[in-house]
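Below is one structure, written out as structure tokens; the observations come after it.
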Amino acid sequence: MHALANPTRFLKLARPLTGVCGIVGAVLIALGTYGGLFVTPPDALQGETVRILYIHVPAAWLGIAGWSSLTLASIAQLVWRHPLAGVAARATVLPGAVFTAICLATGSIWGRPTWGTWWEWDGRMTSMLVLLFLYFGYIALADASEERTSVSKAAAIFGIVGAVNIPVIKFSVVWWNSLHQGASITLSGSKIAPELLWPLGLTTLGFTLLFAAIVLMRMRTILAQAKSEARMARMARA
């Protein structure tokens, strides 16, 4: 981790990785989406509406993974004083919020024909909505920081405390009576039919790589802006 503490060294690695992750991710998303829409058969119970699965599940995964990454970055900032931890947290929060919002929107669309309602205040949906609000709160705290390449101590602590919501999302369908189905994919196997499952793997990996490309791109932009602002400040003092 400390090997990438030098921004120059990080940028040397991040530049090619951004393109690779973005291109491979886009190809996998296209293949998975095509397979999910035109190759796989309709579900025996849900019919054609099950196809939203290929967007909804990756979005849910990345909303949760985004906050988990933000938490790790916050810990690295507070404990190890890693110089790029604040940059990573700033770069992660917006795409994490976007994918959480996509998860909620697609879940609502999926729920209308399946449950007969656009929204239900059950544990899973409510905890995901809380996650979106946590993202908004972190964005506000991070924007209040005067240092572009870092975030305030309060924002970092907020990122760590907010991780309490992650296990709530995970186990909400177990702890409370819920319309939302339980985990379909576990270490012991999958409840999804194999002919419906393979496009999900492609879109999940594809969106994950796209998420990584966006985060790397945002980190590079933040570092470039900070470098430009520092140069302008030096010129103003000259």
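Residue numbering restarts at 1 in every chain; chains get A, B, ... in the order shown in the structure tokens, and ligands count up from 1 in that same order.
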
Using 8 Å as the limit and counting only C-alpha atoms, can you tabulate each residue of segment 99-206 of chain A that touches segment 20-37 of chain A, with its shortest atom-to-atom distance in Å and the two atoms involved, as JSON lines?
```
{"residue": "A:Leu196", "atom": "CA", "partner": "A:Gly36", "partner_atom": "CA", "distance": 7.3}
{"residue": "A:Trp198", "atom": "CA", "partner": "A:Gly32", "partner_atom": "CA", "distance": 7.8}
{"residue": "A:Pro199", "atom": "CA", "partner": "A:Gly32", "partner_atom": "CA", "distance": 4.3}
{"residue": "A:Leu200", "atom": "CA", "partner": "A:Gly32", "partner_atom": "CA", "distance": 6.6}
{"residue": "A:Gly201", "atom": "CA", "partner": "A:Gly32", "partner_atom": "CA", "distance": 7.6}
{"residue": "A:Leu202", "atom": "CA", "partner": "A:Gly32", "partner_atom": "CA", "distance": 4.9}
{"residue": "A:Thr203", "atom": "CA", "partner": "A:Ile29", "partner_atom": "CA", "distance": 4.7}
{"residue": "A:Thr204", "atom": "CA", "partner": "A:Ile29", "partner_atom": "CA", "distance": 7.9}
{"residue": "A:Leu205", "atom": "CA", "partner": "A:Gly25", "partner_atom": "CA", "distance": 7.1}
{"residue": "A:Gly206", "atom": "CA", "partner": "A:Gly25", "partner_atom": "CA", "distance": 3.9}
```

Pull N, CA and C atoms from the residues just selected and write them as a JSON list (two decimals), in the first residue's frame.
```
[["chain", "number", "residue", "atom", "x", "y", "z"],
["A", 196, "LEU", "N", -29.69, -18.69, -16.50],
["A", 196, "LEU", "CA", -29.91, -17.28, -16.22],
["A", 196, "LEU", "C", -28.71, -16.63, -15.53],
["A", 198, "TRP", "N", -25.15, -16.96, -16.03],
["A", 198, "TRP", "CA", -23.88, -16.56, -16.64],
["A", 198, "TRP", "C", -23.81, -15.09, -17.06],
["A", 199, "PRO", "N", -24.90, -14.47, -17.58],
["A", 199, "PRO", "CA", -24.78, -13.05, -17.90],
["A", 199, "PRO", "C", -24.57, -12.18, -16.66],
["A", 200, "LEU", "N", -25.08, -12.65, -15.51],
["A", 200, "LEU", "CA", -24.91, -11.87, -14.28],
["A", 200, "LEU", "C", -23.44, -11.77, -13.89],
["A", 201, "GLY", "N", -22.71, -12.87, -14.09],
["A", 201, "GLY", "CA", -21.27, -12.83, -13.82],
["A", 201, "GLY", "C", -20.55, -11.83, -14.71],
["A", 202, "LEU", "N", -20.95, -11.77, -15.97],
["A", 202, "LEU", "CA", -20.32, -10.84, -16.90],
["A", 202, "LEU", "C", -20.63, -9.39, -16.55],
["A", 203, "THR", "N", -21.89, -9.09, -16.28],
["A", 203, "THR", "CA", -22.23, -7.70, -15.97],
["A", 203, "THR", "C", -21.67, -7.27, -14.61],
["A", 204, "THR", "N", -21.63, -8.18, -13.65],
["A", 204, "THR", "CA", -21.08, -7.83, -12.34],
["A", 204, "THR", "C", -19.60, -7.51, -12.45],
["A", 205, "LEU", "N", -18.85, -8.37, -13.14],
["A", 205, "LEU", "CA", -17.42, -8.10, -13.34],
["A", 205, "LEU", "C", -17.21, -6.87, -14.20],
["A", 206, "GLY", "N", -18.04, -6.71, -15.23],
["A", 206, "GLY", "CA", -17.90, -5.55, -16.10],
["A", 206, "GLY", "C", -18.14, -4.24, -15.38]]
```

Query - For segment 123-135 of chain A: contacts at 8 Å, only C-alpha atoms, fewer than 6 positions along chain excluded, given as a list in words - result: Trp67, Val93, Leu94, Gly96, Ala97, Thr100, Ala101, Leu104, Gly162, Asn165, Val168, Ile169, Lys170, Ser172, Val173, Trp176, Asn177, Ser178 and His180 of chain A

Write to file, as a compact mmCIF listing (two decimals), in the first residue's frame, the residues of the selection just made, with N, CA and C atoms.
```txt
# COMPACT_ATOMS: atom_id res chain seq x y z
N TRP A 67 -18.87 1.84 -0.40
CA TRP A 67 -18.73 2.33 0.99
C TRP A 67 -17.68 1.52 1.74
N VAL A 93 -16.60 8.15 -3.51
CA VAL A 93 -17.91 8.45 -2.93
C VAL A 93 -18.98 8.74 -3.98
N LEU A 94 -18.65 9.49 -5.04
CA LEU A 94 -19.67 9.84 -6.02
C LEU A 94 -20.13 8.63 -6.84
N GLY A 96 -19.99 5.57 -5.96
CA GLY A 96 -20.70 4.72 -5.02
C GLY A 96 -22.13 5.17 -4.82
N ALA A 97 -22.32 6.50 -4.71
CA ALA A 97 -23.66 7.05 -4.56
C ALA A 97 -24.51 6.81 -5.80
N THR A 100 -25.61 3.20 -5.94
CA THR A 100 -26.64 2.97 -4.92
C THR A 100 -27.99 3.49 -5.40
N ALA A 101 -27.98 4.67 -6.02
CA ALA A 101 -29.23 5.22 -6.56
C ALA A 101 -29.78 4.35 -7.68
N LEU A 104 -31.49 1.37 -6.11
CA LEU A 104 -32.81 1.69 -5.57
C LEU A 104 -33.83 1.89 -6.70
N GLY A 162 -20.15 4.89 9.35
CA GLY A 162 -21.20 4.52 8.41
C GLY A 162 -21.14 3.07 7.97
N ASN A 165 -23.76 0.24 8.72
CA ASN A 165 -24.94 -0.05 7.90
C ASN A 165 -24.72 -1.21 6.94
N VAL A 168 -26.05 -4.45 8.25
CA VAL A 168 -27.51 -4.30 8.32
C VAL A 168 -28.12 -4.61 6.95
N ILE A 169 -27.50 -4.08 5.88
CA ILE A 169 -27.97 -4.38 4.53
C ILE A 169 -27.89 -5.88 4.26
N LYS A 170 -26.75 -6.46 4.62
CA LYS A 170 -26.50 -7.87 4.34
C LYS A 170 -27.51 -8.78 5.02
N SER A 172 -30.41 -7.91 6.67
CA SER A 172 -31.75 -7.36 6.90
C SER A 172 -32.86 -8.34 6.54
N VAL A 173 -32.64 -9.15 5.48
CA VAL A 173 -33.67 -10.10 5.08
C VAL A 173 -33.78 -11.27 6.06
N TRP A 176 -35.39 -9.25 9.75
CA TRP A 176 -36.74 -8.72 9.74
C TRP A 176 -37.58 -9.40 8.66
N ASN A 177 -38.88 -9.41 8.87
CA ASN A 177 -39.79 -9.92 7.86
C ASN A 177 -39.74 -9.00 6.65
N SER A 178 -39.44 -9.55 5.49
CA SER A 178 -39.14 -8.72 4.33
C SER A 178 -39.75 -9.31 3.06
N HIS A 180 -38.27 -8.66 0.31
CA HIS A 180 -37.07 -8.91 -0.48
C HIS A 180 -36.59 -10.34 -0.26
```

**Report entry** Interatomic distance, atom CA of Ala44 of chain A to atom CA of Arg112 of chain A (Å, one decimal)
**Finding:**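 These atoms are spaced 17.8 Å apart.
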
Query raised in the report: In Å to one decimal, how far is atom CA of Ala156 of chain A from atom CA of Leu141 of chain A?
Result: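 Distance between the two atoms: 9.1 Å.
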
Query raised in the report: If you count only C-alpha atoms, which residues fall within 9 Å of segment 71-82 of chain A, apart from same-chain ones fewer than 5 positions away, as a ChimeraX atom specification?
Result: /A:1-2,5,66,87-89,150-151,153,155-163

Requested in this report: May I have the residues within 12 Å of Leu17 of chain A as a VMD selection string, using only C-alpha atoms and disregarding those fewer than 2 positions away in the same chain?
Outcome: chain A and resid 10 to 15 19 to 25 209 to 210 212 to 217 220

Create the file for the chosen residues now, containing C-alpha atoms and written as an mmCIF file, in the first residue's frame.
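Written file, result-v5.cif:
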```
data_model
loop_
_atom_site.group_PDB
_atom_site.id
_atom_site.type_symbol
_atom_site.label_atom_id
_atom_site.label_comp_id
_atom_site.auth_asym_id
_atom_site.auth_seq_id
_atom_site.Cartn_x
_atom_site.Cartn_y
_atom_site.Cartn_z
ATOM 1 C CA PHE A 10 0.652 5.948 -8.493
ATOM 2 C CA LEU A 11 -0.114 7.931 -11.649
ATOM 3 C CA LYS A 12 2.364 5.880 -13.654
ATOM 4 C CA LEU A 13 0.365 2.771 -12.793
ATOM 5 C CA ALA A 14 -3.102 4.379 -12.831
ATOM 6 C CA ARG A 15 -2.915 5.787 -16.366
ATOM 7 C CA GLY A 19 -8.026 2.441 -19.950
ATOM 8 C CA VAL A 20 -7.719 -1.308 -19.481
ATOM 9 C CA CYS A 21 -10.408 -1.444 -16.789
ATOM 10 C CA GLY A 22 -12.720 0.833 -18.756
ATOM 11 C CA ILE A 23 -12.432 -1.019 -22.068
ATOM 12 C CA VAL A 24 -12.610 -4.549 -20.636
ATOM 13 C CA GLY A 25 -15.456 -3.509 -18.355
ATOM 14 C CA LEU A 209 -14.078 -2.882 -13.697
ATOM 15 C CA LEU A 210 -15.952 0.205 -14.918
ATOM 16 C CA ALA A 212 -12.532 0.897 -10.838
ATOM 17 C CA ALA A 213 -11.835 2.886 -14.024
ATOM 18 C CA ILE A 214 -14.055 5.748 -12.833
ATOM 19 C CA VAL A 215 -12.356 5.838 -9.424
ATOM 20 C CA LEU A 216 -8.886 5.847 -11.000
ATOM 21 C CA MET A 217 -9.938 8.573 -13.426
ATOM 22 C CA ARG A 220 -6.028 11.309 -11.423
#
```

Query raised in the report: How many Å separate atom CA of Tyr54 of chain A from atom CA of Trp119 of chain A?
Result: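 Separation of atom CA of Tyr54 of chain A and atom CA of Trp119 of chain A: 20.0 Å.
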
Query raised in the report: In terms of the shortest atom-to-atom distance over only C-alpha atoms, which of A:Ile52, A:Ile109, A:Ala154, A:Ala226 is closest to Gly137 of chain A?
Result: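 For Gly137 of chain A, the nearest of the given residues is A:Ala154.
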
Report task. Could you please write out, as a ChimeraX atom specification, every residue of segment 61-177 of chain A that DSSP assigns to helix (DSSP H, G or I)? Result -> /A:61-79,85-115,123-143,153-175

Requested in this report: Point out the residue among A:Ala142, A:Ala85, A:Leu53, A:Leu62 with the least atom-to-atom distance to Met219 of chain A, counting only C-alpha atoms.
Outcome: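 Among the listed residues, the smallest separation from Met219 of chain A belongs to A:Ala85.
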
Report task. Find the residue from A:Trp121, A:Ala236, A:Leu197, A:Asn6 that sits nearest to Val39 of chain A; use only C-alpha atoms when measuring. Result ->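 Of A:Trp121, A:Ala236, A:Leu197, A:Asn6, the one nearest Val39 of chain A, counting only C-alpha atoms, is A:Leu197.
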